[in-house]
Amino acid sequence: MNTKIVGNEGEKRACEYLIEKGYEIKERNWRTRRGEIDIIAFKNDTIVFVEVKTLPNGTLDMIQKELNHQKQQRILKTSKCYLLNHRQYNDSYVRFDVIVIDMPGMEPVYHIENAFSE
């Protein structure tokens, strides 16, 4: 399976997990010229920007490398574009989560809340 198919399947599983936990999925693969947000969800007055990493052969070092400072900055800038275009979330809390799918040694869907901040 190529990485695009694996990634799409991981995002689908992440959405199912979030819905099961009471989140409302607002967007999937929301894009601007600056970047992309894998999942945008909402729960309890909090808008959550979620980065999904499907790493069936991954390690903690790989997650750190994948989510380096540059990647985090791209997500932050993209999320600001989303919030500018969706003013209904002005009074909401904002959170940046990571969901890791199928990494050895972890739960099949591993949710890291508040994985990073501005």
# chains A, B, ... in the order shown; residues from 1 in each chain; ligands from 1
$ residues_around --residues "A:Tyr23" --least-positions-apart "3" --cutoff "6 Å" --atoms "only C-alpha atoms" --output "list in words"
Leu18, Ile19, Phe42 and Lys43 of chain A
$ write_last_selection --atoms "all heavy atoms" --output "short mmCIF file (atom, residue, chain, number, x, y, z; two decimals), in the first residue's frame"
data_model
loop_
_atom_site.label_atom_id
_atom_site.label_comp_id
_atom_site.auth_asym_id
_atom_site.auth_seq_id
_atom_site.Cartn_x
_atom_site.Cartn_y
_atom_site.Cartn_z
N LEU A 18 -12.43 10.02 17.08
CA LEU A 18 -12.87 11.30 17.63
C LEU A 18 -14.40 11.36 17.77
O LEU A 18 -14.92 11.83 18.79
CB LEU A 18 -12.37 12.46 16.75
CG LEU A 18 -10.86 12.71 16.82
CD1 LEU A 18 -10.43 13.68 15.72
CD2 LEU A 18 -10.45 13.23 18.19
N ILE A 19 -15.10 10.88 16.76
CA ILE A 19 -16.57 10.86 16.82
C ILE A 19 -17.03 10.01 18.01
O ILE A 19 -17.93 10.40 18.75
CB ILE A 19 -17.16 10.37 15.49
CG1 ILE A 19 -16.93 11.42 14.40
CG2 ILE A 19 -18.65 10.04 15.62
CD1 ILE A 19 -17.18 10.92 12.98
N PHE A 42 -14.52 19.73 16.87
CA PHE A 42 -15.05 20.63 17.90
C PHE A 42 -15.68 19.81 19.01
O PHE A 42 -16.41 18.85 18.75
CB PHE A 42 -16.09 21.57 17.28
CG PHE A 42 -16.52 22.67 18.20
CD1 PHE A 42 -15.73 23.79 18.38
CD2 PHE A 42 -17.74 22.60 18.87
CE1 PHE A 42 -16.12 24.81 19.23
CE2 PHE A 42 -18.14 23.62 19.71
CZ PHE A 42 -17.33 24.74 19.89
N LYS A 43 -15.37 20.21 20.27
CA LYS A 43 -15.98 19.56 21.43
C LYS A 43 -15.85 20.49 22.63
O LYS A 43 -14.77 21.04 22.87
CB LYS A 43 -15.29 18.22 21.72
CG LYS A 43 -15.88 17.49 22.91
CD LYS A 43 -15.14 16.17 23.17
CE LYS A 43 -15.70 15.47 24.39
NZ LYS A 43 -14.94 14.23 24.67
#
$ closest_residue --among "A:Met103, A:Arg87, A:Tyr82, A:Pro108" --to "A:Met62" --atoms "only C-alpha atoms"
A:Met103
$ closest_residue --among "A:Asn2, A:Thr54, A:Asn68, A:Thr59" --to "A:Asp38" --atoms "only C-alpha atoms"
A:Thr54
$ closest_residue --among "A:Leu83, A:Ile37, A:Ile25, A:Ile99" --to "A:Glu113" --atoms "only C-alpha atoms"
A:Ile99
$ closest_residue --among "A:Cys81, A:Ile75, A:Val52, A:Ser92" --to "A:Arg13" --atoms "only C-alpha atoms"
A:Val52
$ atom_distance --atom1 "atom CA of A:Lys26" --atom2 "atom CA of A:Ile47"
9.2 Å
$ closest_residue --among "A:Ile40, A:Val6, A:Val50, A:Leu84" --to "A:His111" --atoms "only C-alpha atoms"
A:Val50
$ residues_around --residues "A:Arg95" --least-positions-apart "3" --cutoff "9 Å" --atoms "only C-alpha atoms" --output "list in words"
Thr46, Ile47, Val48, Phe49, Val50, Glu113, Asn114, Ala115, Phe116 and Ser117 of chain A
$ select_by_dssp --residues "chain A" --states "strand (DSSP E)" --output "PyMOL selection string"
chain A and resi 24-31+36-43+46-54+93-101+109-116
$ write_last_selection --atoms "N, CA and C atoms" --output "CSV table (one decimal), in the first residue's frame"
chain,number,residue,atom,x,y,z
A,24,GLU,N,-17.2,16.6,17.2
A,24,GLU,CA,-17.9,16.8,15.9
A,24,GLU,C,-16.8,17.2,14.9
A,25,ILE,N,-16.7,16.4,13.8
A,25,ILE,CA,-15.7,16.7,12.8
A,25,ILE,C,-16.3,17.8,11.9
A,26,LYS,N,-15.5,18.9,11.8
A,26,LYS,CA,-15.8,20.1,11.0
A,26,LYS,C,-15.2,20.0,9.6
A,27,GLU,N,-14.0,19.5,9.5
A,27,GLU,CA,-13.3,19.5,8.3
A,27,GLU,C,-12.3,18.3,8.3
A,28,ARG,N,-12.0,17.8,7.1
A,28,ARG,CA,-10.9,16.9,6.8
A,28,ARG,C,-10.1,17.4,5.7
A,29,ASN,N,-8.8,17.4,5.9
A,29,ASN,CA,-7.8,17.8,4.9
A,29,ASN,C,-8.1,19.3,4.4
A,30,TRP,N,-8.3,20.2,5.4
A,30,TRP,CA,-8.5,21.6,5.1
A,30,TRP,C,-7.2,22.2,4.6
A,31,ARG,N,-7.2,22.8,3.4
A,31,ARG,CA,-6.0,23.3,2.8
A,31,ARG,C,-6.0,24.8,2.5
A,36,GLU,N,-1.8,22.4,5.3
A,36,GLU,CA,-3.0,21.5,5.5
A,36,GLU,C,-3.2,21.1,6.9
A,37,ILE,N,-4.5,21.0,7.3
A,37,ILE,CA,-4.8,20.5,8.6
A,37,ILE,C,-5.6,19.2,8.3
A,38,ASP,N,-5.1,18.1,8.9
A,38,ASP,CA,-5.7,16.8,8.7
A,38,ASP,C,-7.1,16.7,9.1
A,39,ILE,N,-7.4,17.1,10.4
A,39,ILE,CA,-8.8,17.1,10.9
A,39,ILE,C,-9.0,18.3,11.7
A,40,ILE,N,-10.2,18.9,11.6
A,40,ILE,CA,-10.6,20.0,12.5
A,40,ILE,C,-11.9,19.5,13.1
A,41,ALA,N,-11.8,19.5,14.5
A,41,ALA,CA,-12.9,19.0,15.2
A,41,ALA,C,-13.3,20.0,16.3
A,42,PHE,N,-14.5,19.7,16.9
A,42,PHE,CA,-15.0,20.6,17.9
A,42,PHE,C,-15.7,19.8,19.0
A,43,LYS,N,-15.4,20.2,20.3
A,43,LYS,CA,-16.0,19.6,21.4
A,43,LYS,C,-15.9,20.5,22.6
A,46,THR,N,-14.2,23.9,22.4
A,46,THR,CA,-12.8,23.9,22.0
A,46,THR,C,-12.8,23.4,20.5
A,47,ILE,N,-12.1,24.3,19.7
A,47,ILE,CA,-11.8,23.9,18.3
A,47,ILE,C,-10.4,23.2,18.3
A,48,VAL,N,-10.4,22.0,17.8
A,48,VAL,CA,-9.2,21.2,17.9
A,48,VAL,C,-8.6,20.9,16.5
A,49,PHE,N,-7.4,21.3,16.3
A,49,PHE,CA,-6.7,21.0,15.0
A,49,PHE,C,-5.8,19.8,15.2
A,50,VAL,N,-6.1,18.8,14.4
A,50,VAL,CA,-5.5,17.5,14.7
A,50,VAL,C,-4.5,17.1,13.5
A,51,GLU,N,-3.3,16.7,13.9
A,51,GLU,CA,-2.4,16.2,12.9
A,51,GLU,C,-2.4,14.7,13.1
A,52,VAL,N,-2.6,13.9,12.1
A,52,VAL,CA,-2.6,12.4,12.1
A,52,VAL,C,-1.3,11.9,11.5
A,53,LYS,N,-0.7,11.0,12.3
A,53,LYS,CA,0.5,10.3,11.8
A,53,LYS,C,0.2,8.8,11.9
A,54,THR,N,0.2,8.1,10.7
A,54,THR,CA,0.0,6.7,10.6
A,54,THR,C,1.4,6.1,10.5
A,93,TYR,N,-12.0,27.9,22.8
A,93,TYR,CA,-10.6,27.6,23.1
A,93,TYR,C,-10.0,26.9,21.9
A,94,VAL,N,-8.7,27.0,21.7
A,94,VAL,CA,-8.0,26.4,20.6
A,94,VAL,C,-7.0,25.4,21.1
A,95,ARG,N,-6.9,24.2,20.5
A,95,ARG,CA,-6.0,23.1,20.9
A,95,ARG,C,-5.4,22.5,19.7
A,96,PHE,N,-4.2,22.0,19.8
A,96,PHE,CA,-3.5,21.3,18.8
A,96,PHE,C,-3.1,19.9,19.3
A,97,ASP,N,-3.7,18.9,18.7
A,97,ASP,CA,-3.6,17.5,19.1
A,97,ASP,C,-2.9,16.7,18.0
A,98,VAL,N,-2.3,15.6,18.4
A,98,VAL,CA,-1.7,14.6,17.4
A,98,VAL,C,-2.4,13.3,17.7
A,99,ILE,N,-2.8,12.6,16.7
A,99,ILE,CA,-3.2,11.2,16.8
A,99,ILE,C,-2.3,10.3,16.0
A,100,VAL,N,-1.7,9.3,16.7
A,100,VAL,CA,-0.8,8.4,16.1
A,100,VAL,C,-1.5,7.1,15.9
A,101,ILE,N,-1.5,6.6,14.7
A,101,ILE,CA,-2.2,5.3,14.3
A,101,ILE,C,-1.1,4.2,14.1
A,109,VAL,N,-4.9,3.5,18.3
A,109,VAL,CA,-5.2,4.9,18.1
A,109,VAL,C,-4.7,5.6,19.4
A,110,TYR,N,-3.6,6.4,19.3
A,110,TYR,CA,-3.0,7.0,20.4
A,110,TYR,C,-3.2,8.6,20.3
A,111,HIS,N,-4.0,9.1,21.2
A,111,HIS,CA,-4.4,10.6,21.1
A,111,HIS,C,-3.5,11.4,22.1
A,112,ILE,N,-2.8,12.3,21.5
A,112,ILE,CA,-2.0,13.2,22.4
A,112,ILE,C,-2.7,14.6,22.3
A,113,GLU,N,-3.4,14.9,23.4
A,113,GLU,CA,-4.0,16.2,23.5
A,113,GLU,C,-3.0,17.3,23.9
A,114,ASN,N,-3.2,18.5,23.3
A,114,ASN,CA,-2.3,19.6,23.6
A,114,ASN,C,-0.8,19.2,23.3
A,115,ALA,N,-0.6,18.6,22.1
A,115,ALA,CA,0.7,18.1,21.7
A,115,ALA,C,1.7,19.3,21.5
A,116,PHE,N,1.2,20.4,21.1
A,116,PHE,CA,2.0,21.6,21.0
A,116,PHE,C,1.1,22.8,21.1
$ atom_distance --atom1 "atom CA of A:His86" --atom2 "atom CA of A:Lys12"
23.5 Å
$ select_by_dssp --residues "chain A" --states "alpha helix (DSSP H)" --output "PyMOL selection string"
chain A and resi 3-20+60-66+69-85
$ write_last_selection --atoms "N, CA and C atoms" --output "compact mmCIF listing (two decimals), in the first residue's frame"
# COMPACT_ATOMS: atom_id res chain seq x y z
N THR A 3 1.87 5.33 0.61
CA THR A 3 1.73 6.17 1.80
C THR A 3 0.45 7.00 1.79
N LYS A 4 -0.02 7.40 0.63
CA LYS A 4 -1.26 8.18 0.55
C LYS A 4 -2.45 7.34 1.02
N ILE A 5 -2.52 6.10 0.58
CA ILE A 5 -3.61 5.21 0.99
C ILE A 5 -3.52 4.94 2.50
N VAL A 6 -2.32 4.66 2.99
CA VAL A 6 -2.11 4.40 4.42
C VAL A 6 -2.52 5.64 5.22
N GLY A 7 -2.12 6.82 4.76
CA GLY A 7 -2.46 8.07 5.44
C GLY A 7 -3.96 8.33 5.46
N ASN A 8 -4.62 8.11 4.33
CA ASN A 8 -6.08 8.30 4.26
C ASN A 8 -6.81 7.35 5.20
N GLU A 9 -6.36 6.11 5.24
CA GLU A 9 -6.98 5.13 6.14
C GLU A 9 -6.76 5.53 7.60
N GLY A 10 -5.57 6.02 7.91
CA GLY A 10 -5.29 6.49 9.27
C GLY A 10 -6.17 7.67 9.65
N GLU A 11 -6.36 8.60 8.74
CA GLU A 11 -7.23 9.76 9.01
C GLU A 11 -8.67 9.32 9.21
N LYS A 12 -9.10 8.35 8.44
CA LYS A 12 -10.47 7.82 8.60
C LYS A 12 -10.64 7.21 9.99
N ARG A 13 -9.67 6.42 10.41
CA ARG A 13 -9.73 5.81 11.74
C ARG A 13 -9.66 6.86 12.85
N ALA A 14 -8.87 7.90 12.63
CA ALA A 14 -8.79 8.98 13.61
C ALA A 14 -10.13 9.70 13.74
N CYS A 15 -10.80 9.94 12.62
CA CYS A 15 -12.13 10.57 12.65
C CYS A 15 -13.12 9.69 13.40
N GLU A 16 -13.11 8.40 13.12
CA GLU A 16 -14.01 7.48 13.82
C GLU A 16 -13.76 7.51 15.32
N TYR A 17 -12.50 7.53 15.70
CA TYR A 17 -12.13 7.60 17.11
C TYR A 17 -12.66 8.89 17.75
N LEU A 18 -12.43 10.02 17.08
CA LEU A 18 -12.87 11.30 17.63
C LEU A 18 -14.40 11.36 17.77
N ILE A 19 -15.10 10.88 16.76
CA ILE A 19 -16.57 10.86 16.82
C ILE A 19 -17.03 10.01 18.01
N GLU A 20 -16.38 8.88 18.19
CA GLU A 20 -16.69 7.98 19.32
C GLU A 20 -16.49 8.68 20.66
N LEU A 60 9.13 6.77 18.61
CA LEU A 60 8.94 8.11 19.19
C LEU A 60 9.85 9.13 18.51
N ASP A 61 11.05 8.72 18.14
CA ASP A 61 11.96 9.63 17.43
C ASP A 61 11.36 10.07 16.10
N MET A 62 10.68 9.15 15.43
CA MET A 62 10.05 9.50 14.14
C MET A 62 8.96 10.55 14.34
N ILE A 63 8.17 10.41 15.40
CA ILE A 63 7.12 11.40 15.67
C ILE A 63 7.75 12.77 15.88
N GLN A 64 8.81 12.84 16.68
CA GLN A 64 9.48 14.11 16.93
C GLN A 64 10.03 14.72 15.64
N LYS A 65 10.59 13.87 14.79
CA LYS A 65 11.12 14.36 13.53
C LYS A 65 10.01 14.84 12.60
N GLU A 66 8.90 14.07 12.56
CA GLU A 66 7.76 14.41 11.71
C GLU A 66 7.09 15.71 12.16
N HIS A 69 9.68 21.75 14.55
CA HIS A 69 9.23 23.14 14.73
C HIS A 69 8.63 23.71 13.44
N GLN A 70 9.24 23.43 12.32
CA GLN A 70 8.75 23.94 11.03
C GLN A 70 7.34 23.42 10.73
N LYS A 71 7.10 22.14 10.96
CA LYS A 71 5.78 21.55 10.72
C LYS A 71 4.76 22.16 11.67
N GLN A 72 5.13 22.33 12.92
CA GLN A 72 4.22 22.94 13.88
C GLN A 72 3.86 24.36 13.47
N GLN A 73 4.84 25.13 13.01
CA GLN A 73 4.58 26.50 12.57
C GLN A 73 3.63 26.53 11.38
N ARG A 74 3.78 25.59 10.47
CA ARG A 74 2.89 25.51 9.31
C ARG A 74 1.45 25.22 9.77
N ILE A 75 1.30 24.32 10.72
CA ILE A 75 -0.02 24.00 11.25
C ILE A 75 -0.61 25.22 11.95
N LEU A 76 0.18 25.92 12.75
CA LEU A 76 -0.29 27.11 13.45
C LEU A 76 -0.76 28.18 12.46
N LYS A 77 0.02 28.45 11.43
CA LYS A 77 -0.36 29.46 10.44
C LYS A 77 -1.62 29.05 9.68
N THR A 78 -1.72 27.78 9.35
CA THR A 78 -2.90 27.30 8.63
C THR A 78 -4.13 27.39 9.52
N SER A 79 -3.97 27.07 10.79
CA SER A 79 -5.12 27.15 11.71
C SER A 79 -5.60 28.60 11.85
N LYS A 80 -4.68 29.56 11.83
CA LYS A 80 -5.07 30.97 11.91
C LYS A 80 -5.90 31.37 10.70
N CYS A 81 -5.53 30.85 9.54
CA CYS A 81 -6.33 31.12 8.32
C CYS A 81 -7.74 30.56 8.49
N TYR A 82 -7.84 29.37 9.03
CA TYR A 82 -9.15 28.75 9.25
C TYR A 82 -9.98 29.62 10.20
N LEU A 83 -9.37 30.05 11.29
CA LEU A 83 -10.10 30.83 12.29
C LEU A 83 -10.52 32.19 11.74
N LEU A 84 -9.70 32.78 10.87
CA LEU A 84 -10.09 34.05 10.24
C LEU A 84 -11.32 33.88 9.36
N ASN A 85 -11.45 32.73 8.74
CA ASN A 85 -12.58 32.46 7.84
C ASN A 85 -13.79 31.86 8.55
$ atom_distance --atom1 "atom CA of A:Asp102" --atom2 "atom CA of A:Leu55"
5.8 Å
